[in-house]
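The block underneath contains the structure these notes are about, expressed in structure tokens.
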Amino acid sequence: MKQMFCVLLGLVLIIGFSACAPKQKKVVDPGSERIYRITVSDLFGRISSEFWTIAKLEKLGVKTVSSSYFDRAMKFDDAELRVVSLLKIISQFELKSGEDAILLNCFDDYQGIISISDALKYDLQLATKIELGFGSSKPGWLNPLLVVVPDGKEPPFEERFLTANIRELKFVRSSDYYGPLIKIAKVSKETIQGFEVYKNNCLFCHSLKERGGNKGARLLQVYELEKETGQKKLLSDFKSFHHKGNADKQDVEQFVTRDQLQRVMDFLLALKRSEEKKN
């Protein structure tokens, strides 16, 4: 009887400890469970979408690459990226309306855009998995799908080649997308230069005229750029939010010089004056 009691007591203790023991969390790559949308339009402008998973994308062919471009921008060493060719994805669709670019809508309200000619010229890839070196810290926004410049290709060093956290690829005509902004940018040489810098580095977070992402502030509403104090505040905030040491690795300062930022303000001021005239 005593022996049976000890056995029963042991079982109770084992069950009790099992119930109280902390459960190990399963580490899941966010990209592995997500559904991605690819959107096209027909000759009549009717829009349709297909839904893709990582598994479906990788059936097009997958490989592991390194990217010195990515490592340089993110201050990483020897990151490994599991990628699918963007050109192979493009080839799955018949573009009937003169689409020449891909709008990249992201889970965090960032909005990138890549021209199809750039995808071809630089052999751009989409990462379905990101593996960082030991000790590297990954910011929350750095998830698949991610635009990747493979080694051996050297596009301009700009924010637009680092779009991450992509949820949708949407084929568009770049003239339609940029049209409302280009019209205003043609006011002067300085504003054209400012527009080029803005569209390649800033529009993804700071939307203008319903173009671009909404991850960042509406600059025309926040800053009084017609005043010197407003321009100084924008310069100060830019350095605070986008310097190379910021914790979230949003280092836009590496892509934009002080002179280029001044041209950006020229462009924004022209845009603001244009809107004021309409009102």
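Letters A, B, ... go to the chains of the structure tokens in the order shown; residues in each chain start at 1; ligands are counted from 1 in the same order.
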
If DSSP is run on the backbone, what residues of region 29-274 of chain A are strand (DSSP E or B)? A reply as a PyMOL selection string would be ideal.
chain A and resi 36-41+47-52+63-65+80-85+101-106+111-115+125-131+146-148+166-172+208+211

Against region 140-158 of chain A, which residues of region 23-124 of chain A fall within 8 Å? For each one I want the closest pair of atoms and the distance in Å (one decimal), counting only C-alpha atoms, rows by chain and increasing residue number, as JSON lines.
```
{"residue": "A:Pro30", "atom": "CA", "partner": "A:Asn143", "partner_atom": "CA", "distance": 6.8}
{"residue": "A:Gly31", "atom": "CA", "partner": "A:Pro144", "partner_atom": "CA", "distance": 5.3}
{"residue": "A:Val65", "atom": "CA", "partner": "A:Pro150", "partner_atom": "CA", "distance": 6.9}
{"residue": "A:Ser66", "atom": "CA", "partner": "A:Asp151", "partner_atom": "CA", "distance": 6.5}
{"residue": "A:Ser67", "atom": "CA", "partner": "A:Pro150", "partner_atom": "CA", "distance": 5.0}
{"residue": "A:Ser68", "atom": "CA", "partner": "A:Asp151", "partner_atom": "CA", "distance": 6.1}
{"residue": "A:Tyr69", "atom": "CA", "partner": "A:Val149", "partner_atom": "CA", "distance": 6.4}
{"residue": "A:Phe70", "atom": "CA", "partner": "A:Val148", "partner_atom": "CA", "distance": 7.0}
{"residue": "A:Val83", "atom": "CA", "partner": "A:Val148", "partner_atom": "CA", "distance": 7.9}
{"residue": "A:Asp108", "atom": "CA", "partner": "A:Trp141", "partner_atom": "CA", "distance": 7.3}
{"residue": "A:Tyr122", "atom": "CA", "partner": "A:Lys153", "partner_atom": "CA", "distance": 5.6}
{"residue": "A:Asp123", "atom": "CA", "partner": "A:Val149", "partner_atom": "CA", "distance": 7.3}
{"residue": "A:Leu124", "atom": "CA", "partner": "A:Val149", "partner_atom": "CA", "distance": 5.4}
```

Can you write just those residues out, C-alpha atoms, as a PDB file, in the first residue's frame?
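Dumped everything to again26.pdb:
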```pdb
ATOM      1  CA  PRO A  30       6.418  36.169 -40.414  1.00  0.00           C
ATOM      2  CA  GLY A  31       6.696  35.585 -44.144  1.00  0.00           C
ATOM      3  CA  VAL A  65      22.287  34.892 -52.040  1.00  0.00           C
ATOM      4  CA  SER A  66      24.258  37.574 -50.256  1.00  0.00           C
ATOM      5  CA  SER A  67      23.854  41.280 -50.923  1.00  0.00           C
ATOM      6  CA  SER A  68      26.601  43.746 -50.102  1.00  0.00           C
ATOM      7  CA  TYR A  69      24.110  46.480 -51.063  1.00  0.00           C
ATOM      8  CA  PHE A  70      21.723  45.292 -48.333  1.00  0.00           C
ATOM      9  CA  VAL A  83      15.212  34.818 -52.902  1.00  0.00           C
ATOM     10  CA  ASP A 108       3.224  48.792 -42.285  1.00  0.00           C
ATOM     11  CA  TYR A 122      19.737  44.957 -61.829  1.00  0.00           C
ATOM     12  CA  ASP A 123      18.309  41.415 -61.729  1.00  0.00           C
ATOM     13  CA  LEU A 124      16.246  42.353 -58.679  1.00  0.00           C
TER      14      LEU A 124
END
```

Got a sec to tell me which of region 83-243 of chain A DSSP assigns to helix (DSSP H, G or I), as an NGL selection string?
:A and (86-90 or 116-121 or 159-162 or 174-185 or 189-201 or 219-222 or 228-242)

List as JSON, numbers by chain the protein and nucleic acid residues near region 223-234 of chain A, meaning an atom at most 12 Å away when only C-alpha atoms are counted, but skip any in the same chain fewer than 2 places from it.
{"A": [217, 218, 219, 220, 221, 236, 237, 238, 239, 240, 241, 242, 258, 261, 262, 263, 264, 265, 266, 267, 268, 269, 270, 271, 272, 273, 276]}

In Å, how far is it from CA of Glu275 (chain A) to CA of Asn105 (chain A)?
26.3 Å

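The protein and nucleic acid residues lying at most 10 Å from Val62 (chain A) are Arg82, Val83, Val84, Ser85, Gln125, Leu126, Ala127 and Thr128 of chain A, with only C-alpha atoms considered and sequence neighbours fewer than 6 positions away removed.
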
Taking only C-alpha atoms into account, which of A:Tyr36, A:Phe161, A:Phe195, A:Phe93 comes nearest Lys183 (chain A)?
A:Phe195

Students should find that CA of Ile166 (chain A) and CA of Ile102 (chain A) are spaced 11.6 Å
